[in-house]
Amino acid sequence: MASSGEDTFSDGDAPPALATMASGAHLLGFSDEILLHILSHVPSTDLVLSVRRTCRKLAALCLDKSLTHTVLLQKDYEVNEDKVKQLVKDIGREIQQLNLAGCYWLPGSTIEHVARCRSLVKVNLSGCHLTSLRLSKMLSALQRLRSLAIDVSPGFDAGQLSGECKATLSRVRELKQTLYTPSYGVVPCCTSLEKLLLYFEILDRTREGAILSGQLMVGQSNVPHYQNLRVFYARLAPGYINQEVVRLYLAVLSDRTPENLHAFLISVPGSFAESGATKNLLDSMARNVKLDALQLPKAWLNGSSLLQHMKFNNPFYFSFSRCTLSGSHLIQRVINGGKDLRSLASLNLSGCIHCLSPDALLRKAEDDIDSSILEALVASCCNLQHLNLSAAHHHSSEGPGRHLCQLLARLRHLRSLSLPVCSVADSAPRADRAPAQPAMHAVPRGFGKKVRVGVQLCPSPFSGHAGPQPSSVFWSLLKNVPFLERLELIGSSFSSAMPRNEPAIRNSLPPCSRAQSVGDSEVAAIGQLAFLRHLTLAQLPSILTGSGLVSIGLQCQQLQSLSLANLGMMGKVVYMSALSDMLKHCKQLKDLSFQAERPALNVVIFPLLHEGLTDVIRDVPMVHLDEITLFKSRVAEEPPNLWW
């Protein structure tokens with residue numbers, strides 16, 4: 001490989017290894033359109049600093065505006081300051097969108113190189129080291145900037161921002177701001193804001209032990225400007241200080257509700273009492289605006305008639321996570337008795353234990369759902385792409401076409417789905433019913449012959465002649481949603497030992513009795529999802545050998561993240577052989593998480609570090625093996641396309 005432009009190969013020439021494929025075809029014989037599509041999958045640093053130097057044709061294609069317009073470096077652990085400096089030097093004038101989110105290892109001086117990208121319209125610096133002075137210097141040079149994501153850390157001083165910096169901020173329309181200290185940050189300078197995303201990560205105490213207070217912000221002369229706001233989103237980490245600070249942001253919003261506001265979303269762990277200012281804000285919204293997206297703290301919705309008075313235009317996102325919303329309220333107040341909601345793309349009903357029953361007061365956890373409520377929901381919201389029904393017991397009654405999985409199978413546009421384990425069981429266990437037979441395509445149960453790694457035991461999802469197929473309702477559901485990219489199967493009684501943005505619950509409850517009939521064959525059915533990228537399996541007590549994991553590893557070749565928690569009997573890990581075989585096939589895996597009791601962790605860690613899997617684990621950027629891994633449902637957690 002050449003080290004400079006002068007050492008590149010002659011026109012049309014390329015190294016034999018690059019130019020000649022196994023079939024003898026010349027790689028550079030492809031059209032420019034095909035080559036550009038191939039190059040679009042190459043990381044920007046490799047594209048500009050390496051591939052561009054192979055030959056003159058690739059050198060020209062690598063500098064095509066379609067490839068240099070957007071540079072994504074987030075969590076690219078091979079990126080260093082020298083690479084960023086060289087990248088900016090070579091294509092800095094062409095970059096219009098730059099994402100450095102999560103690059104915490106880069107020194108603060110790297111931000112100074114970003115200032116040379118004068119054409120930047122959108123930049124994400126969340127997680128990067130950033131001082132007030134460096135931010136001021138960078139933004140002073142980026143006059144075309146319209147979208148910005150930054151962190152506000154202790155020591156931030158808006159008074160250090162220059163006039164040129166404030167002029168740039170006055171033109172910013174989208175702002176994502178993560179707060180680690182009580183502050184308005186740069187919000188008061190952004191007078192043209194249309195989209196505001198606030199993430200509150202403030203600790204209740206400083207490192208020295210001093211108690212923080214949101215009153216530090218009271219009396220500041222600069223306050224936010226919301227007159228042009230269309231989207232307001234706030235996500236709070238646990239802690240009273242975060243609630244205190246967000247109230248100050250909302251107080252300004254309650255004085256004059258923006259006329260063009262169409263998305264109002266607040267995600268709060270635990271309880272968040274409604275104040276006089278927030279009540280005035282909600283009343284004003286009910287009178288003056290029509291929303292397309294809504295998420296409120298459960299304390300603001302429980303027992304309230306707010307949903308009856310809210311006006312909606314073409315809603316695309318609803319989140320009622322952990323609200324005491326009954327099925328009758330869901331039908332009457334949300335979908336208005338069967339109103340056409342084809343525009344709704346995302347619905348979060350996580351923890352809404354009564355949402356599929358007509359009466360919240362009379363229902364018990366073991367009672368069956370009312371299938372007519374779910375049928376009405378599916379019929380009205382036929383274009384749903386993201387649905388979360390986790391953290392609840394949704395048991396289906398007997399009868400053809402009445403099972404939850406059969407009704408959800410009508411949602412052909414689903415891209416992400418979160419379900420409780422008990423909801424995918426075929427029906428209530430009965431003493432006179434014979435044990436379910438294992439799936440024909442699944443690896444046999446028991447302790448017989450081991451799985452041969454590398455041998456195709458499952459029919460390919462693209463094969464023309466598939467063998468006999470299982471008759472389970474869960475298998476049928478997955479067959480009807482082949483483009484699913486994220487799937488979560490989480491026990492209704494499961495709670496993470498240290499959940500993110502949720503109150504910690506240490507008292508673990510036993511699995512639902514119906515979850516006992518969901519085992520290896522049901523897990524193997526997930527192998528049908530050829531486009532699956534993210535998979536979470538938690539609290540499946542009937543996992544015996546983990547043979548279904550091998551089917552997933554063989555067929556779900558695009559799997560990028562895998563989270564496993566409490567599979568099989570509590571305190572035991574009996575599926576290590578299958579997990580090891582699975583991981584050998586997961587070539588795209590980037591994030592592996594595992595949660596179990598401390599004795600079981602010893603069984604997991606040492607086999608995974610065995611010589612046979614050392615290379616596999618080393619290639620996974622993020623590996624979590626702990627009893628307090630952060631597990632939570634992520635389906636419909638935020639509106640689709642909320643940010644980058």
# chains A, B, ... in the order shown; residues from 1 in each chain; ligands from 1
call {"tool": "residues_around", "arguments": {"residues": "Val42 of chain A", "least_positions_apart": "6", "cutoff": "12 Å", "atoms": "only C-alpha atoms", "output": "list in words"}}
result
Leu35, Leu36, Val48, Leu49, Ser50, Val51, Arg52, Cys62, Leu67, Thr68, Val71, Leu72 and Leu73 of chain A
call {"tool": "closest_residue", "arguments": {"among": "A:Leu540, A:Ala273, A:Leu349, A:Cys165", "to": "Cys422 of chain A", "atoms": "only C-alpha atoms"}}
result
A:Leu540
call {"tool": "closest_residue", "arguments": {"among": "A:Ser471, A:Ser326, A:Thr278, A:Ser633", "to": "Leu489 of chain A", "atoms": "only C-alpha atoms"}}
result
A:Ser633
call {"tool": "atom_distance", "arguments": {"atom1": "atom CA of Ser31 of chain A", "atom2": "atom CA of Leu63 of chain A"}}
result
16.1 Å
call {"tool": "closest_residue", "arguments": {"among": "A:Ser493, A:Asn480, A:Ser418, A:Ser254", "to": "Leu389 of chain A", "atoms": "only C-alpha atoms"}}
result
A:Ser418
call {"tool": "closest_residue", "arguments": {"among": "A:Leu248, A:Ser44, A:Ser319, A:Asn302", "to": "Phe264 of chain A", "atoms": "only C-alpha atoms"}}
result
A:Ser319
call {"tool": "residues_around", "arguments": {"residues": "Leu509 of chain A", "least_positions_apart": "3", "cutoff": "9 Å", "atoms": "only C-alpha atoms", "output": "JSON, numbers by chain"}}
result
{"A": [493, 494, 495, 512]}
call {"tool": "residues_around", "arguments": {"residues": "Lys279 of chain A", "least_positions_apart": "5", "cutoff": "10 Å", "atoms": "only C-alpha atoms", "output": "list in words"}}
result
Ser254, Glu274, Ser284, Met285 and Trp300 of chain A
call {"tool": "write_last_selection", "arguments": {"atoms": "all heavy atoms", "output": "PDB file, in the first residue's frame"}}
result
ATOM      1  N   SER A 254     -43.989  26.696  30.385  1.00  0.00           N
ATOM      2  CA  SER A 254     -45.388  26.857  30.792  1.00  0.00           C
ATOM      3  C   SER A 254     -45.876  28.294  30.668  1.00  0.00           C
ATOM      4  O   SER A 254     -47.082  28.541  30.591  1.00  0.00           O
ATOM      5  CB  SER A 254     -45.566  26.384  32.241  1.00  0.00           C
ATOM      6  OG  SER A 254     -44.814  27.194  33.124  1.00  0.00           O
ATOM      7  N   GLU A 274     -46.637  15.955  39.925  1.00  0.00           N
ATOM      8  CA  GLU A 274     -47.082  17.065  39.079  1.00  0.00           C
ATOM      9  C   GLU A 274     -47.154  18.340  39.917  1.00  0.00           C
ATOM     10  O   GLU A 274     -47.694  18.351  41.021  1.00  0.00           O
ATOM     11  CB  GLU A 274     -48.447  16.738  38.493  1.00  0.00           C
ATOM     12  CG  GLU A 274     -48.930  17.724  37.454  1.00  0.00           C
ATOM     13  CD  GLU A 274     -50.270  17.307  36.877  1.00  0.00           C
ATOM     14  OE1 GLU A 274     -50.942  16.464  37.497  1.00  0.00           O
ATOM     15  OE2 GLU A 274     -50.642  17.833  35.815  1.00  0.00           O
ATOM     16  N   SER A 284     -52.523  24.127  28.978  1.00  0.00           N
ATOM     17  CA  SER A 284     -52.280  24.989  27.821  1.00  0.00           C
ATOM     18  C   SER A 284     -52.077  24.167  26.560  1.00  0.00           C
ATOM     19  O   SER A 284     -52.572  24.522  25.481  1.00  0.00           O
ATOM     20  CB  SER A 284     -51.064  25.882  28.080  1.00  0.00           C
ATOM     21  OG  SER A 284     -50.747  26.659  26.946  1.00  0.00           O
ATOM     22  N   MET A 285     -51.358  23.054  26.686  1.00  0.00           N
ATOM     23  CA  MET A 285     -51.151  22.182  25.528  1.00  0.00           C
ATOM     24  C   MET A 285     -52.462  21.590  25.056  1.00  0.00           C
ATOM     25  O   MET A 285     -52.704  21.469  23.843  1.00  0.00           O
ATOM     26  CB  MET A 285     -50.149  21.071  25.891  1.00  0.00           C
ATOM     27  CG  MET A 285     -48.720  21.556  26.071  1.00  0.00           C
ATOM     28  SD  MET A 285     -47.631  20.292  26.772  1.00  0.00           S
ATOM     29  CE  MET A 285     -47.934  18.909  25.697  1.00  0.00           C
ATOM     30  N   TRP A 300     -48.417  11.725  36.083  1.00  0.00           N
ATOM     31  CA  TRP A 300     -49.215  12.762  35.422  1.00  0.00           C
ATOM     32  C   TRP A 300     -50.413  12.178  34.691  1.00  0.00           C
ATOM     33  O   TRP A 300     -51.356  12.908  34.380  1.00  0.00           O
ATOM     34  CB  TRP A 300     -48.357  13.539  34.434  1.00  0.00           C
ATOM     35  CG  TRP A 300     -47.206  14.283  35.059  1.00  0.00           C
ATOM     36  CD1 TRP A 300     -46.760  14.187  36.339  1.00  0.00           C
ATOM     37  CD2 TRP A 300     -46.366  15.225  34.414  1.00  0.00           C
ATOM     38  NE1 TRP A 300     -45.670  14.998  36.539  1.00  0.00           N
ATOM     39  CE2 TRP A 300     -45.407  15.655  35.367  1.00  0.00           C
ATOM     40  CE3 TRP A 300     -46.308  15.746  33.131  1.00  0.00           C
ATOM     41  CZ2 TRP A 300     -44.412  16.578  35.070  1.00  0.00           C
ATOM     42  CZ3 TRP A 300     -45.314  16.672  32.823  1.00  0.00           C
ATOM     43  CH2 TRP A 300     -44.378  17.090  33.795  1.00  0.00           C
TER      44      TRP A 300
END
call {"tool": "select_by_dssp", "arguments": {"residues": "segment 100-330 of chain A", "states": "helix (DSSP H, G or I)", "output": "ChimeraX atom specification"}}
result
/A:110-114,132-141,158-160,163-169,187-189,214-217,240-255,276-288,298-301,306-309,327-330
call {"tool": "select_by_dssp", "arguments": {"residues": "segment 21-101 of chain A", "states": "strand (DSSP E)", "output": "ChimeraX atom specification"}}
result
/A:70-72,97-99
call {"tool": "closest_residue", "arguments": {"among": "A:Phe531, A:Tyr180, A:Phe318, A:Phe594", "to": "Glu638 of chain A", "atoms": "only C-alpha atoms"}}
result
A:Phe318
call {"tool": "closest_residue", "arguments": {"among": "A:Leu253, A:Arg514, A:His225, A:Gln528", "to": "Ser542 of chain A", "atoms": "only C-alpha atoms"}}
result
A:Arg514
call {"tool": "residues_around", "arguments": {"residues": "segment 85-95 of chain A", "least_positions_apart": "2", "cutoff": "8 Å", "atoms": "only C-alpha atoms", "output": "list in words"}}
result
Thr45, Val48, Leu49, Leu63, Lys65, Thr68, His69, Thr70, Val71, Glu81, Asp82, Lys83, Gln97, Leu98, Thr110, His113, Val114, Arg116, Cys117, Arg118, Ser119 and Leu120 of chain A
call {"tool": "closest_atom_pairs", "arguments": {"of": "segment 472-533 of chain A", "to": "segment 372-385 of chain A", "cutoff": "12 Å", "atoms": "only C-alpha atoms", "output": "JSON lines"}}
result
{"residue": "A:Val481", "atom": "CA", "partner": "A:Gln385", "partner_atom": "CA", "distance": 10.3}
{"residue": "A:Phe483", "atom": "CA", "partner": "A:Gln385", "partner_atom": "CA", "distance": 10.2}
{"residue": "A:Leu484", "atom": "CA", "partner": "A:Gln385", "partner_atom": "CA", "distance": 9.0}
{"residue": "A:Glu485", "atom": "CA", "partner": "A:Gln385", "partner_atom": "CA", "distance": 10.3}
{"residue": "A:Arg486", "atom": "CA", "partner": "A:Gln385", "partner_atom": "CA", "distance": 10.7}
call {"tool": "atom_distance", "arguments": {"atom1": "atom CA of Gln332 of chain A", "atom2": "atom CA of Asn641 of chain A"}}
result
28.4 Å
call {"tool": "decode", "arguments": {"residues": "segment 258-269 of chain A", "atoms": "all heavy atoms", "output": "PDB file, in the first residue's frame"}}
result
ATOM      1  N   PRO A 258     -45.391  26.976  22.944  1.00  0.00           N
ATOM      2  CA  PRO A 258     -45.159  27.222  21.506  1.00  0.00           C
ATOM      3  C   PRO A 258     -46.333  26.725  20.659  1.00  0.00           C
ATOM      4  O   PRO A 258     -46.831  25.615  20.877  1.00  0.00           O
ATOM      5  CB  PRO A 258     -43.882  26.413  21.222  1.00  0.00           C
ATOM      6  CG  PRO A 258     -43.227  26.242  22.552  1.00  0.00           C
ATOM      7  CD  PRO A 258     -44.323  26.167  23.551  1.00  0.00           C
ATOM      8  N   GLU A 259     -46.747  27.516  19.740  1.00  0.00           N
ATOM      9  CA  GLU A 259     -47.892  27.166  18.906  1.00  0.00           C
ATOM     10  C   GLU A 259     -47.600  25.985  17.988  1.00  0.00           C
ATOM     11  O   GLU A 259     -48.510  25.240  17.626  1.00  0.00           O
ATOM     12  CB  GLU A 259     -48.309  28.377  18.068  1.00  0.00           C
ATOM     13  CG  GLU A 259     -48.791  29.564  18.893  1.00  0.00           C
ATOM     14  CD  GLU A 259     -49.155  30.746  18.027  1.00  0.00           C
ATOM     15  OE1 GLU A 259     -48.975  30.645  16.791  1.00  0.00           O
ATOM     16  OE2 GLU A 259     -49.644  31.772  18.567  1.00  0.00           O
ATOM     17  N   ASN A 260     -46.318  25.822  17.601  1.00  0.00           N
ATOM     18  CA  ASN A 260     -45.972  24.765  16.652  1.00  0.00           C
ATOM     19  C   ASN A 260     -45.492  23.492  17.331  1.00  0.00           C
ATOM     20  O   ASN A 260     -44.992  22.586  16.660  1.00  0.00           O
ATOM     21  CB  ASN A 260     -44.879  25.263  15.700  1.00  0.00           C
ATOM     22  CG  ASN A 260     -45.353  26.403  14.819  1.00  0.00           C
ATOM     23  OD1 ASN A 260     -46.510  26.409  14.382  1.00  0.00           O
ATOM     24  ND2 ASN A 260     -44.489  27.372  14.560  1.00  0.00           N
ATOM     25  N   LEU A 261     -45.623  23.394  18.642  1.00  0.00           N
ATOM     26  CA  LEU A 261     -45.181  22.198  19.359  1.00  0.00           C
ATOM     27  C   LEU A 261     -45.988  20.988  18.905  1.00  0.00           C
ATOM     28  O   LEU A 261     -47.217  20.998  18.940  1.00  0.00           O
ATOM     29  CB  LEU A 261     -45.358  22.410  20.865  1.00  0.00           C
ATOM     30  CG  LEU A 261     -44.787  21.316  21.774  1.00  0.00           C
ATOM     31  CD1 LEU A 261     -43.268  21.325  21.728  1.00  0.00           C
ATOM     32  CD2 LEU A 261     -45.261  21.514  23.211  1.00  0.00           C
ATOM     33  N   HIS A 262     -45.304  19.941  18.456  1.00  0.00           N
ATOM     34  CA  HIS A 262     -46.018  18.742  18.013  1.00  0.00           C
ATOM     35  C   HIS A 262     -45.484  17.466  18.653  1.00  0.00           C
ATOM     36  O   HIS A 262     -46.048  16.380  18.436  1.00  0.00           O
ATOM     37  CB  HIS A 262     -45.981  18.615  16.483  1.00  0.00           C
ATOM     38  CG  HIS A 262     -44.677  18.141  15.939  1.00  0.00           C
ATOM     39  ND1 HIS A 262     -44.457  16.835  15.594  1.00  0.00           N
ATOM     40  CD2 HIS A 262     -43.520  18.795  15.689  1.00  0.00           C
ATOM     41  CE1 HIS A 262     -43.221  16.699  15.136  1.00  0.00           C
ATOM     42  NE2 HIS A 262     -42.640  17.860  15.188  1.00  0.00           N
ATOM     43  N   ALA A 263     -44.419  17.569  19.463  1.00  0.00           N
ATOM     44  CA  ALA A 263     -43.902  16.399  20.176  1.00  0.00           C
ATOM     45  C   ALA A 263     -43.453  16.839  21.561  1.00  0.00           C
ATOM     46  O   ALA A 263     -42.588  17.708  21.692  1.00  0.00           O
ATOM     47  CB  ALA A 263     -42.739  15.762  19.416  1.00  0.00           C
ATOM     48  N   PHE A 264     -44.052  16.245  22.590  1.00  0.00           N
ATOM     49  CA  PHE A 264     -43.708  16.570  23.977  1.00  0.00           C
ATOM     50  C   PHE A 264     -43.472  15.267  24.717  1.00  0.00           C
ATOM     51  O   PHE A 264     -44.399  14.467  24.901  1.00  0.00           O
ATOM     52  CB  PHE A 264     -44.834  17.369  24.634  1.00  0.00           C
ATOM     53  CG  PHE A 264     -44.489  17.859  26.019  1.00  0.00           C
ATOM     54  CD1 PHE A 264     -43.664  18.956  26.188  1.00  0.00           C
ATOM     55  CD2 PHE A 264     -44.995  17.220  27.141  1.00  0.00           C
ATOM     56  CE1 PHE A 264     -43.341  19.416  27.463  1.00  0.00           C
ATOM     57  CE2 PHE A 264     -44.691  17.674  28.412  1.00  0.00           C
ATOM     58  CZ  PHE A 264     -43.860  18.772  28.578  1.00  0.00           C
ATOM     59  N   LEU A 265     -42.207  15.055  25.138  1.00  0.00           N
ATOM     60  CA  LEU A 265     -41.831  13.761  25.701  1.00  0.00           C
ATOM     61  C   LEU A 265     -40.953  13.954  26.927  1.00  0.00           C
ATOM     62  O   LEU A 265     -39.932  14.639  26.862  1.00  0.00           O
ATOM     63  CB  LEU A 265     -41.089  12.915  24.657  1.00  0.00           C
ATOM     64  CG  LEU A 265     -41.776  12.820  23.285  1.00  0.00           C
ATOM     65  CD1 LEU A 265     -40.877  13.412  22.211  1.00  0.00           C
ATOM     66  CD2 LEU A 265     -42.123  11.391  22.944  1.00  0.00           C
ATOM     67  N   ILE A 266     -41.357  13.347  28.026  1.00  0.00           N
ATOM     68  CA  ILE A 266     -40.572  13.376  29.259  1.00  0.00           C
ATOM     69  C   ILE A 266     -40.485  11.950  29.796  1.00  0.00           C
ATOM     70  O   ILE A 266     -41.509  11.319  30.082  1.00  0.00           O
ATOM     71  CB  ILE A 266     -41.199  14.298  30.324  1.00  0.00           C
ATOM     72  CG1 ILE A 266     -41.312  15.729  29.792  1.00  0.00           C
ATOM     73  CG2 ILE A 266     -40.372  14.280  31.596  1.00  0.00           C
ATOM     74  CD1 ILE A 266     -41.913  16.696  30.791  1.00  0.00           C
ATOM     75  N   SER A 267     -39.252  11.449  29.925  1.00  0.00           N
ATOM     76  CA  SER A 267     -39.007  10.106  30.438  1.00  0.00           C
ATOM     77  C   SER A 267     -38.376  10.221  31.816  1.00  0.00           C
ATOM     78  O   SER A 267     -37.261  10.736  31.952  1.00  0.00           O
ATOM     79  CB  SER A 267     -38.087   9.334  29.486  1.00  0.00           C
ATOM     80  OG  SER A 267     -37.743   8.066  30.023  1.00  0.00           O
ATOM     81  N   VAL A 268     -39.098   9.755  32.838  1.00  0.00           N
ATOM     82  CA  VAL A 268     -38.661   9.909  34.228  1.00  0.00           C
ATOM     83  C   VAL A 268     -38.711   8.559  34.930  1.00  0.00           C
ATOM     84  O   VAL A 268     -39.745   7.881  34.884  1.00  0.00           O
ATOM     85  CB  VAL A 268     -39.552  10.916  34.988  1.00  0.00           C
ATOM     86  CG1 VAL A 268     -39.057  11.097  36.416  1.00  0.00           C
ATOM     87  CG2 VAL A 268     -39.586  12.252  34.263  1.00  0.00           C
ATOM     88  N   PRO A 269     -37.630   8.138  35.601  1.00  0.00           N
ATOM     89  CA  PRO A 269     -37.676   6.901  36.390  1.00  0.00           C
ATOM     90  C   PRO A 269     -38.411   7.138  37.702  1.00  0.00           C
ATOM     91  O   PRO A 269     -38.267   8.181  38.332  1.00  0.00           O
ATOM     92  CB  PRO A 269     -36.199   6.584  36.631  1.00  0.00           C
ATOM     93  CG  PRO A 269     -35.522   7.914  36.597  1.00  0.00           C
ATOM     94  CD  PRO A 269     -36.287   8.748  35.612  1.00  0.00           C
TER      95      PRO A 269
END
